[in-house]
Structures are given as structure tokens and as C-alpha cells.
$ cat query-v7.txt   # compact mmCIF, C-alpha atoms
# COMPACT_ATOMS: atom_id res chain seq x y z
CA MET A 1 79.58 85.83 130.17
CA GLU A 2 75.94 85.62 129.23
CA CYS A 3 73.93 82.41 129.17
CA TYR A 4 72.58 81.43 125.79
CA GLN A 5 68.81 81.15 125.94
CA GLU A 6 66.58 80.04 123.10
CA ASP A 7 63.90 82.60 123.76
CA VAL A 8 66.11 85.69 123.98
CA PRO A 9 65.90 87.51 120.65
CA HIS A 10 69.11 87.61 118.69
CA VAL A 11 69.82 90.85 116.88
CA LEU A 12 72.51 91.52 114.32
CA ALA A 13 73.62 95.17 114.47
CA VAL A 14 75.55 96.60 111.55
CA ASP A 15 77.35 99.95 111.70
CA ASP A 16 80.75 101.14 110.51
CA ASN A 17 81.13 103.51 113.46
CA LEU A 18 82.50 101.79 116.58
CA ILE A 19 80.80 104.25 118.93
CA ASP A 20 77.42 103.52 117.35
CA ARG A 21 78.04 99.77 117.40
CA LYS A 22 78.76 99.90 121.11
CA LEU A 23 75.76 102.09 121.76
CA VAL A 24 73.33 99.90 119.82
CA GLU A 25 74.76 96.83 121.47
CA LYS A 26 74.29 98.32 124.93
CA LEU A 27 70.76 99.51 124.17
CA LEU A 28 69.74 96.09 122.86
CA LYS A 29 71.36 94.19 125.72
CA SER A 30 69.54 96.48 128.17
CA SER A 31 66.37 95.27 126.49
CA SER A 32 67.31 91.61 126.97
CA CYS A 33 68.52 90.87 123.49
CA ARG A 34 71.48 88.84 122.44
CA VAL A 35 73.60 90.97 120.13
CA THR A 36 76.10 90.27 117.38
CA THR A 37 77.73 93.27 115.72
CA ALA A 38 79.20 93.66 112.25
CA GLU A 39 81.23 96.61 111.02
CA ASN A 40 80.00 96.56 107.44
CA GLY A 41 77.56 94.97 105.02
CA MET A 42 79.99 92.33 103.76
CA ARG A 43 80.73 91.08 107.29
CA ALA A 44 77.00 91.04 108.01
CA LEU A 45 76.34 88.93 104.92
CA GLU A 46 79.19 86.60 105.83
CA TYR A 47 77.74 86.13 109.30
CA LEU A 48 74.29 85.50 107.89
CA GLY A 49 75.68 82.97 105.48
CA LEU A 50 74.74 84.96 102.40
CA ARG A 51 77.36 85.52 99.80
CA GLU A 52 77.16 87.13 96.36
CA THR A 53 77.13 83.78 94.56
CA HIS A 54 75.03 81.74 96.99
CA GLN A 55 71.41 82.72 96.99
CA GLN A 56 70.34 79.19 97.85
CA SER A 57 69.99 77.85 101.38
CA ASN A 58 73.31 77.97 103.11
CA PHE A 59 72.93 76.28 106.45
CA SER A 60 76.48 77.02 107.50
CA GLY A 61 75.40 80.61 108.08
CA ASN A 62 73.78 82.10 111.17
CA GLY A 63 70.85 83.50 109.26
CA SER A 64 68.30 81.16 110.78
CA LYS A 65 69.37 82.18 114.28
CA VAL A 66 68.91 85.93 113.81
CA ASN A 67 65.55 87.44 114.81
CA MET A 68 66.21 90.97 113.64
CA ILE A 69 68.79 93.00 111.77
CA ILE A 70 69.43 96.63 112.51
CA THR A 71 71.70 98.50 110.16
CA ASP A 72 73.06 101.98 109.56
CA TYR A 73 72.17 103.48 106.19
CA CYS A 74 75.41 105.35 105.39
CA MET A 75 78.25 102.89 105.34
CA PRO A 76 81.30 102.78 103.08
CA GLY A 77 81.16 100.05 100.47
CA MET A 78 77.77 98.41 100.83
CA SER A 79 75.13 100.79 102.12
CA GLY A 80 72.42 99.78 104.57
CA TYR A 81 69.96 99.95 101.69
CA GLU A 82 72.01 97.53 99.62
CA LEU A 83 72.28 95.18 102.59
CA LEU A 84 68.52 95.39 103.06
CA GLN A 85 68.06 94.55 99.38
CA LYS A 86 70.27 91.48 99.61
CA ILE A 87 68.44 90.25 102.69
CA LYS A 88 65.02 90.71 101.09
CA GLU A 89 66.23 88.89 97.97
CA SER A 90 67.28 85.88 100.01
CA SER A 91 64.86 82.99 100.30
CA ILE A 92 66.01 82.14 103.82
CA LEU A 93 66.30 85.64 105.22
CA LYS A 94 63.58 87.71 103.61
CA GLU A 95 61.24 87.27 106.60
CA VAL A 96 63.79 88.66 109.06
CA PRO A 97 62.77 92.20 110.03
CA VAL A 98 65.33 94.80 109.04
CA ILE A 99 65.54 98.16 110.75
CA ILE A 100 67.40 101.01 109.05
CA MET A 101 69.05 103.73 111.14
CA SER A 102 70.24 107.06 109.86
CA SER A 103 71.41 110.36 111.27
CA GLU A 104 69.61 112.14 108.43
CA ASN A 105 65.86 112.57 108.21
CA ILE A 106 65.37 112.38 104.45
CA PRO A 107 61.81 111.38 103.42
CA THR A 108 62.86 109.94 100.05
CA ARG A 109 65.45 107.81 101.78
CA ILE A 110 62.91 106.63 104.36
CA ASN A 111 60.36 105.73 101.67
CA GLU A 112 62.96 103.96 99.60
CA CYS A 113 63.86 101.74 102.57
CA LEU A 114 60.29 101.04 103.57
CA GLU A 115 59.43 100.14 99.98
CA MET A 116 62.38 97.75 99.88
CA GLY A 117 60.84 96.01 102.87
CA ALA A 118 62.45 97.62 105.91
CA GLU A 119 60.36 97.11 109.01
CA MET A 120 61.15 100.52 110.41
CA PHE A 121 63.34 103.53 109.94
CA MET A 122 64.95 105.04 113.01
CA LEU A 123 66.68 108.34 113.47
CA LYS A 124 70.07 108.40 115.16
CA PRO A 125 71.20 108.79 117.82
CA LEU A 126 69.21 105.87 119.15
CA LYS A 127 67.60 106.13 122.55
CA LEU A 128 66.16 103.65 125.03
CA SER A 129 62.62 104.45 123.90
CA ASP A 130 63.55 103.55 120.29
CA VAL A 131 64.89 100.19 121.38
CA LYS A 132 61.77 99.54 123.46
CA LYS A 133 59.79 100.03 120.25
CA LEU A 134 62.03 97.51 118.53
CA ARG A 135 61.61 95.03 121.34
CA HIS A 136 57.87 95.34 121.02
CA GLN A 137 58.21 94.75 117.30
CA LEU A 138 60.23 91.61 117.93
CA THR A 139 57.57 90.24 120.27
CA ASN A 140 54.89 90.94 117.66
CA VAL A 141 56.87 89.22 114.93
CA GLU A 142 57.44 86.17 117.11
CA GLY A 143 53.75 86.17 118.01
CA ASP A 144 52.79 86.15 114.33
CA LYS A 145 54.93 83.13 113.70
CA ARG A 146 53.06 80.99 116.21
CA MET B 1 87.14 115.38 153.43
CA ALA B 2 83.86 116.06 151.65
CA SER B 3 80.81 114.07 152.65
CA ILE B 4 78.90 111.96 150.16
CA ALA B 5 76.11 114.54 150.11
CA GLN B 6 78.59 117.33 149.33
CA LEU B 7 80.18 115.31 146.55
CA GLN B 8 76.79 114.47 145.09
CA LYS B 9 75.82 118.14 145.22
CA GLN B 10 79.06 119.04 143.42
CA PHE B 11 78.30 116.41 140.81
CA ILE B 12 74.78 117.70 140.22
CA GLU B 13 75.99 121.30 139.97
CA TYR B 14 78.76 120.42 137.59
CA THR B 15 76.54 118.28 135.40
CA THR B 16 73.90 121.00 135.32
CA THR B 17 76.40 123.53 133.99
CA LEU B 18 77.60 121.08 131.36
CA TYR B 19 74.04 120.88 130.06
CA SER B 20 73.29 124.58 130.36
CA GLU B 21 76.52 125.50 128.57
CA GLY B 22 75.70 123.09 125.79
CA TYR B 23 78.64 120.74 126.21
CA LEU B 24 76.32 117.80 126.68
CA ASN B 25 72.74 117.16 125.71
CA ASP B 26 69.93 114.73 126.39
CA GLN B 27 71.70 111.92 124.58
CA PHE B 28 74.34 111.86 127.33
CA LYS B 29 71.58 111.61 129.93
CA GLN B 30 70.31 108.57 128.05
CA LEU B 31 73.76 107.01 128.23
CA GLN B 32 74.02 107.66 131.97
CA LYS B 33 70.73 105.80 132.43
CA LEU B 34 72.15 102.80 130.60
CA GLN B 35 75.01 102.40 133.03
CA ASP B 36 74.49 99.94 135.86
CA GLU B 37 76.41 97.78 138.34
CA SER B 38 76.92 94.99 135.84
CA ASP B 39 78.74 97.37 133.49
CA PRO B 40 80.01 100.32 135.58
CA ASN B 41 82.58 101.39 133.00
CA PHE B 42 80.26 101.56 130.04
CA LEU B 43 80.15 105.34 129.83
CA VAL B 44 83.85 105.90 130.50
CA GLY B 45 84.62 103.28 127.85
CA LEU B 46 82.33 104.82 125.27
CA VAL B 47 83.67 108.32 125.91
CA SER B 48 87.25 107.02 125.53
CA VAL B 49 86.38 105.47 122.21
CA PHE B 50 84.85 108.75 121.10
CA LEU B 51 87.85 110.83 122.17
CA GLU B 52 90.32 108.43 120.52
CA ASP B 53 88.30 108.28 117.34
CA SER B 54 88.05 112.08 117.28
CA GLU B 55 91.81 112.46 117.61
CA LYS B 56 92.33 110.10 114.69
CA LEU B 57 89.74 111.87 112.58
CA ILE B 58 91.28 115.27 113.25
CA LYS B 59 94.69 113.99 112.13
CA ILE B 60 93.20 112.42 109.00
CA LEU B 61 91.41 115.68 108.20
CA GLU B 62 94.54 117.77 108.77
CA THR B 63 96.38 115.61 106.26
CA ALA B 64 93.50 115.70 103.80
CA PHE B 65 93.47 119.50 103.75
CA LYS B 66 97.21 119.67 103.12
CA GLN B 67 96.79 117.93 99.76
CA LYS B 68 97.16 120.00 96.59
CA THR B 69 93.67 118.97 95.56
CA VAL B 70 91.36 118.40 98.50
CA ASP B 71 89.11 115.36 98.09
CA TYR B 72 85.93 116.85 99.58
CA GLU B 73 84.03 113.63 99.14
CA GLN B 74 86.48 111.75 101.35
CA VAL B 75 86.59 114.64 103.79
CA SER B 76 82.79 114.59 104.01
CA LEU B 77 82.83 110.92 104.93
CA HIS B 78 85.21 111.61 107.79
CA VAL B 79 83.23 114.61 109.02
CA HIS B 80 80.04 112.55 108.81
CA ARG B 81 81.66 109.94 111.03
CA PHE B 82 82.87 112.65 113.41
CA LYS B 83 79.39 114.13 113.56
CA GLY B 84 77.82 110.72 114.14
CA GLY B 85 80.10 109.80 116.99
CA SER B 86 79.70 113.12 118.78
CA SER B 87 75.94 112.96 118.35
CA SER B 88 75.75 109.43 119.78
CA ILE B 89 77.72 110.55 122.85
CA GLY B 90 75.77 113.74 123.30
CA ALA B 91 78.76 116.05 122.82
CA GLN B 92 76.54 118.79 121.45
CA ARG B 93 79.10 121.49 120.78
CA VAL B 94 81.25 119.12 118.77
CA THR B 95 78.21 118.03 116.77
CA SER B 96 77.29 121.66 116.03
CA VAL B 97 80.74 122.33 114.62
CA CYS B 98 80.49 119.18 112.51
CA VAL B 99 77.19 120.35 111.05
CA SER B 100 78.83 123.59 109.86
CA PHE B 101 81.79 121.54 108.71
CA MET B 102 79.56 119.35 106.52
CA ASN B 103 78.09 122.46 104.90
CA TYR B 104 81.50 123.92 104.12
CA CYS B 105 82.52 120.57 102.63
CA LYS B 106 79.50 120.63 100.33
CA GLU B 107 80.48 124.14 99.26
CA LYS B 108 84.12 123.07 98.90
CA ASN B 109 84.99 126.07 101.00
CA LEU B 110 88.54 125.45 102.20
CA ASP B 111 88.74 128.36 104.61
CA GLY B 112 85.42 127.40 106.16
CA CYS B 113 86.58 123.82 106.52
CA LEU B 114 89.88 124.74 108.10
CA TRP B 115 88.08 126.99 110.56
CA CYS B 116 85.71 124.17 111.48
CA LEU B 117 88.58 121.74 111.89
CA GLN B 118 90.21 124.13 114.31
CA GLN B 119 86.92 124.55 116.17
CA ALA B 120 86.28 120.82 116.27
CA ASN B 121 89.71 120.23 117.74
CA HIS B 122 89.13 122.95 120.31
CA GLU B 123 85.72 121.61 121.30
CA CYS B 124 87.07 118.08 121.67
CA ILE B 125 89.77 119.33 124.02
CA LEU B 126 87.19 121.24 126.04
CA VAL B 127 84.77 118.33 126.28
CA ARG B 128 87.57 115.94 127.15
CA ASN B 129 88.45 118.14 130.13
CA LYS B 130 84.80 118.28 131.15
CA PHE B 131 84.51 114.49 130.99
CA GLU B 132 87.66 114.09 133.08
CA VAL B 133 86.24 116.27 135.83
CA LEU B 134 82.86 114.55 135.63
CA PHE B 135 84.27 111.04 135.86
CA ARG B 136 86.61 112.07 138.67
CA LEU B 137 83.62 113.38 140.64
CA GLU B 138 81.82 110.08 140.00
CA GLN B 139 84.81 108.11 141.25
CA GLN B 140 84.99 110.21 144.40
CA ILE B 141 81.33 109.57 145.14
CA LEU B 142 81.68 105.85 144.57
CA LYS B 143 84.87 105.65 146.66
CA ALA B 144 83.09 107.40 149.51
CA GLY B 145 80.42 104.71 149.29
CA GLY B 146 77.74 106.86 147.70
CA SER B 147 75.73 106.45 144.52
CA ILE B 148 75.81 108.71 141.48
CA PRO B 149 72.71 110.91 141.31
CA MET B 150 70.45 110.47 138.30
CA MET B 151 70.04 113.67 136.32
CA GLU B 152 66.45 114.14 135.16
$ encode --input "query-v7.txt" --output "C-alpha cells"
Amino acid sequence: MECYQEDVPHVLAVDDNLIDRKLVEKLLKSSSCRVTTAENGMRALEYLGLRETHQQSNFSGNGSKVNMIITDYCMPGMSGYELLQKIKESSILKEVPVIIMSSENIPTRINECLEMGAEMFMLKPLKLSDVKKLRHQLTNVEGDKR
Amino acid sequence: MASIAQLQKQFIEYTTTLYSEGYLNDQFKQLQKLQDESDPNFLVGLVSVFLEDSEKLIKILETAFKQKTVDYEQVSLHVHRFKGGSSSIGAQRVTSVCVSFMNYCKEKNLDGCLWCLQQANHECILVRNKFEVLFRLEQQILKAGGSIPMME
């Protein structure tokens, strides 16, 4: 059981592949992050408190408690790009950094995500050094807010 | 009864061959580094998930190819998942087969796909056996009171 601490970053990791969810979770926890996982875009939106019809503030969601969202690009149903879009369209969540992961290195895909407001694009499989970069990013973002 | 040093040497030798023969790649090394005392079963757990998932995917793919009209789009999704999982674990040979598999799917080449499915199944069986030996060696080292050497 982990202790809940206010200053430990909370990351929401979204991936339809169980192996990748477990890996991302482990990598993030090894970098002192609190992790919540979601198996698809819809679940992620539900967790964040964002639903199709509610674009307004919805304080029953966990959106305000999440410091970063990391999502796979290729997912059945809602893609990572679509999830990114919904997050950036939300008044409460648009400032939350979103990282897109993909096993495919496609420049048009990368540009598309960055233009939609993704903080970073990462190539799978994720390694420790990738997560260290993320951790650094999180510290920077928190620093900017002060 | 082998000493800790002998067991560790066996472990290093075995792991080295797994890398040189292409069964595992750097990604697996990364995963080994992530394992620690607080979560000693992380790697075994992850590998089990991979092997179970692979078995399911192979069965799904076998059924998909038996259909009168093969839905290559659906098949691609499954192969993509298969490829992703094997890549995250570092099971290089499985990943390589999946790459070819994806190409055959794009070409809607049934023979190519069936060949890859057979190969993927074969490689999963092989890597499963390798993992079993590897984890058994680890257990022996730990039981003897030693620590598992880090592979650089």
C-alpha cells in the first residue's frame, strides 16, 4: 500500500494493452509517481470527469488531481489523438500535459499530435530514460505554475 | 550442490546466449533493472501476462483465418497488439515475426499470414521455455542466498 502524498505527481496512463499498462505503471512508479491506469479513452474520460455532454466544470471528476496524462496512440474506439483533442478542448483539463506514445515512428502522426497540443511524443517500448525525461517535464510544469 | 558463484555464472552464461541468439533484446534488460526487493515478481508477472495474451491472440488469429472471408483489418489489430506486447517485453524474435505478419496482412496475403502465425506460435513456445529456465536459475540463486547479477 502506498501513502498518498500531495507532492507526488499523479499520472493517468491510458493503453489498451495490459502489458504496456503494467510496464508504464512500473516505470512511472519507479520514478516516484502515483499512477492510475485506464484501458481506453472512454474510461480515461470517465476518470477525469469529462463526458461527451459535459464540457463545463465537473468537480466530481479526478481531473484536477491529475498532473499528467500519458496515452497510447493506437487504441480501439477512441484513439489517443481523439483523447488528446477532448482534453485540450476542456476548460478544466487543457493545461494538463499530455504525452502520446506509439510503436510507430510516423512524422505526420507526431506533428499532428504536437499541433493538437501534446507535450511530447514517445516511441514505444518505453524505457527508464524516457520516463526520466517525463519526470523532468513534470517538475518543470509544476515550477511554471508557482 | 552448486555454489552461489556457480549459479550466478550459469545465469550470466545463459542470459548472454539468450541475447546473442536474439531471443531477448535490450528492452528485457531494462525490465530486469526495474525489478527490486519491493516487487520481486514484477518480471515473472509481466512475462506471464505476455505469454497468456499471446496464447489468446494466436487462438483468435487461427479462428480469423478459418473464416470464408478473412477480415484483414481485424487481423491487423490483433497482430499489432501481439507485436506491441512482444516488443515491450523484449521478445525480439516474436516481434520480428509480427513485423512480417503485419506486412502480409497489408498485402492480404493469406499464405504469408498463415506462415507467420505458425512462426509466431513456434517462437512463443521457444521463448516461454527460455523464460522458464531463466526464472528457475534466478530462483536457485535467490534460494541459495545470492543476488541476481545485473546484465550490462
$ closest_residue --input "query-v7.txt" --among "A:Arg43, A:Arg109, A:Arg21, A:Arg34" --to "chain B" --atoms "all atoms listed in the file"
A:Arg21
$ closest_atom_pairs --input "query-v7.txt" --of "chain A" --to "chain B" --cutoff "10 Å" --atoms "all atoms listed in the file" --output "CSV"
residue,atom,partner,partner_atom,distance
A:Asp16,CA,B:Arg81,CA,8.9
A:Asn17,CA,B:Arg81,CA,6.9
A:Leu18,CA,B:Val49,CA,7.8
A:Ile19,CA,B:Gly85,CA,5.9
A:Asp20,CA,B:Ser88,CA,6.6
A:Lys22,CA,B:Leu46,CA,7.4
A:Leu23,CA,B:Ser88,CA,7.6
A:Val24,CA,B:Ser88,CA,9.8
A:Lys26,CA,B:Leu34,CA,7.5
A:Leu27,CA,B:Leu34,CA,7.4
A:Lys29,CA,B:Leu34,CA,9.9
A:Ser30,CA,B:Leu34,CA,7.3
A:Cys74,CA,B:His80,CA,9.2
A:Met75,CA,B:Leu77,CA,9.3
A:Pro76,CA,B:Leu77,CA,8.5
A:Ser102,CA,B:Gly84,CA,9.4
A:Ser103,CA,B:Gly84,CA,7.0
A:Lys124,CA,B:Ser88,CA,7.4
A:Pro125,CA,B:Ser88,CA,5.0
A:Leu126,CA,B:Ser88,CA,7.5
A:Lys127,CA,B:Gln30,CA,6.6
A:Leu128,CA,B:Gln30,CA,7.1
A:Ser129,CA,B:Gln30,CA,9.7
$ atom_distance --input "query-v7.txt" --atom1 "CA of Ala91 in chain B" --atom2 "CA of Tyr81 in chain A"
28.0 Å
$ atom_distance --input "query-v7.txt" --atom1 "CA of Val35 in chain A" --atom2 "CA of His10 in chain A"
5.8 Å
$ atom_distance --input "query-v7.txt" --atom1 "CA of Gly112 in chain B" --atom2 "CA of Ser96 in chain B"
14.0 Å
$ axis_aligned_box --input "query-v7.txt" --around "range 89-97 of chain A" --padding-each-side "4 Å" --output "AutoDock Vina command-line options"
--center_x 64.3 --center_y 87.2 --center_z 104.0 --size_x 14.0 --size_y 18.1 --size_z 20.1
$ residues_around --input "query-v7.txt" --residues "Tyr14 in chain B" --least-positions-apart "5" --cutoff "9 Å" --atoms "all atoms listed in the file" --output "list in words"
Lys9, Tyr19, Val133 and Leu134 of chain B
$ closest_residue --input "query-v7.txt" --among "A:Asn111, A:Thr139, A:Leu50, A:Lys133" --to "Ser90 in chain A" --atoms "all atoms listed in the file"
A:Leu50
$ residues_around --input "query-v7.txt" --residues "Trp115 in chain B" --least-positions-apart "4" --cutoff "12 Å" --atoms "only C-alpha atoms" --output "PyMOL selection string"
chain B and resi 62+65+97-98+100-101+104-105+109-111+119-122
$ residues_around --input "query-v7.txt" --residues "Ala64 in chain B" --least-positions-apart "2" --cutoff "12 Å" --atoms "all atoms listed in the file" --output "MDAnalysis selection string"
chainID B and resid 57:62 66:79 110 113:114 117
$ closest_residue --input "query-v7.txt" --among "B:Asn25, B:Val94, B:Val99, B:Pro149" --to "Leu137 in chain B" --atoms "only C-alpha atoms"
B:Pro149
$ build_atoms --input "query-v7.txt" --residues "range 66-77 of chain A" --atoms "all heavy atoms" --output "tab-separated table (two decimals), keeping the file's coordinate frame"
chain	number	residue	atom	x	y	z
A	66	VAL	N	69.04	84.49	113.58
A	66	VAL	CA	68.91	85.93	113.81
A	66	VAL	C	67.44	86.33	113.73
A	66	VAL	O	66.75	85.99	112.78
A	66	VAL	CB	69.77	86.71	112.77
A	66	VAL	CG1	69.43	88.18	112.76
A	66	VAL	CG2	71.24	86.53	113.07
A	67	ASN	N	66.96	87.04	114.77
A	67	ASN	CA	65.55	87.44	114.81
A	67	ASN	C	65.30	88.82	114.21
A	67	ASN	O	64.17	89.16	113.88
A	67	ASN	CB	65.03	87.43	116.25
A	67	ASN	CG	65.19	86.08	116.88
A	67	ASN	OD1	65.99	85.90	117.78
A	67	ASN	ND2	64.42	85.11	116.40
A	68	MET	N	66.37	89.62	114.17
A	68	MET	CA	66.21	90.97	113.64
A	68	MET	C	67.57	91.51	113.21
A	68	MET	O	68.60	91.14	113.80
A	68	MET	CB	65.62	91.89	114.72
A	68	MET	CG	65.41	93.31	114.27
A	68	MET	SD	64.66	94.35	115.55
A	68	MET	CE	62.94	94.07	115.24
A	69	ILE	N	67.55	92.36	112.21
A	69	ILE	CA	68.79	93.00	111.77
A	69	ILE	C	68.57	94.49	111.83
A	69	ILE	O	67.56	95.02	111.36
A	69	ILE	CB	69.15	92.57	110.32
A	69	ILE	CG1	69.41	91.06	110.28
A	69	ILE	CG2	70.37	93.34	109.81
A	69	ILE	CD1	69.29	90.44	108.90
A	70	ILE	N	69.51	95.17	112.46
A	70	ILE	CA	69.43	96.63	112.51
A	70	ILE	C	70.72	97.18	111.88
A	70	ILE	O	71.82	96.77	112.25
A	70	ILE	CB	69.18	97.15	113.95
A	70	ILE	CG1	69.12	98.68	113.97
A	70	ILE	CG2	70.20	96.64	114.96
A	70	ILE	CD1	68.52	99.24	115.24
A	71	THR	N	70.54	98.03	110.89
A	71	THR	CA	71.70	98.50	110.16
A	71	THR	C	71.69	100.00	109.91
A	71	THR	O	70.63	100.62	109.72
A	71	THR	CB	71.87	97.75	108.82
A	71	THR	OG1	73.01	98.28	108.12
A	71	THR	CG2	70.66	97.88	107.93
A	72	ASP	N	72.87	100.58	109.90
A	72	ASP	CA	73.06	101.98	109.56
A	72	ASP	C	72.84	102.10	108.06
A	72	ASP	O	73.08	101.16	107.30
A	72	ASP	CB	74.48	102.41	109.95
A	72	ASP	CG	74.68	103.91	109.85
A	72	ASP	OD1	73.68	104.66	109.88
A	72	ASP	OD2	75.84	104.34	109.75
A	73	TYR	N	72.38	103.27	107.62
A	73	TYR	CA	72.17	103.48	106.19
A	73	TYR	C	73.47	103.83	105.47
A	73	TYR	O	73.85	103.20	104.50
A	73	TYR	CB	71.14	104.61	105.97
A	73	TYR	CG	70.79	104.84	104.51
A	73	TYR	CD1	69.71	104.18	103.94
A	73	TYR	CD2	71.55	105.70	103.74
A	73	TYR	CE1	69.39	104.39	102.60
A	73	TYR	CE2	71.24	105.90	102.40
A	73	TYR	CZ	70.16	105.25	101.83
A	73	TYR	OH	69.85	105.45	100.51
A	74	CYS	N	74.15	104.87	106.02
A	74	CYS	CA	75.41	105.35	105.39
A	74	CYS	C	76.60	104.55	105.86
A	74	CYS	O	77.10	104.75	106.96
A	74	CYS	CB	75.68	106.81	105.78
A	74	CYS	SG	74.67	107.96	104.91
A	75	MET	N	77.04	103.65	105.00
A	75	MET	CA	78.25	102.89	105.34
A	75	MET	C	79.12	102.85	104.10
A	75	MET	O	78.60	102.77	102.98
A	75	MET	CB	77.88	101.46	105.77
A	75	MET	CG	77.09	101.40	107.06
A	75	MET	SD	76.93	99.72	107.70
A	75	MET	CE	75.84	98.98	106.49
A	76	PRO	N	80.44	102.87	104.26
A	76	PRO	CA	81.30	102.78	103.08
A	76	PRO	C	81.17	101.39	102.46
A	76	PRO	O	80.91	100.42	103.14
A	76	PRO	CB	82.70	102.99	103.65
A	76	PRO	CG	82.61	102.73	105.10
A	76	PRO	CD	81.21	102.99	105.52
A	77	GLY	N	81.32	101.33	101.16
A	77	GLY	CA	81.16	100.05	100.47
A	77	GLY	C	79.68	99.78	100.28
A	77	GLY	O	78.97	100.53	99.62
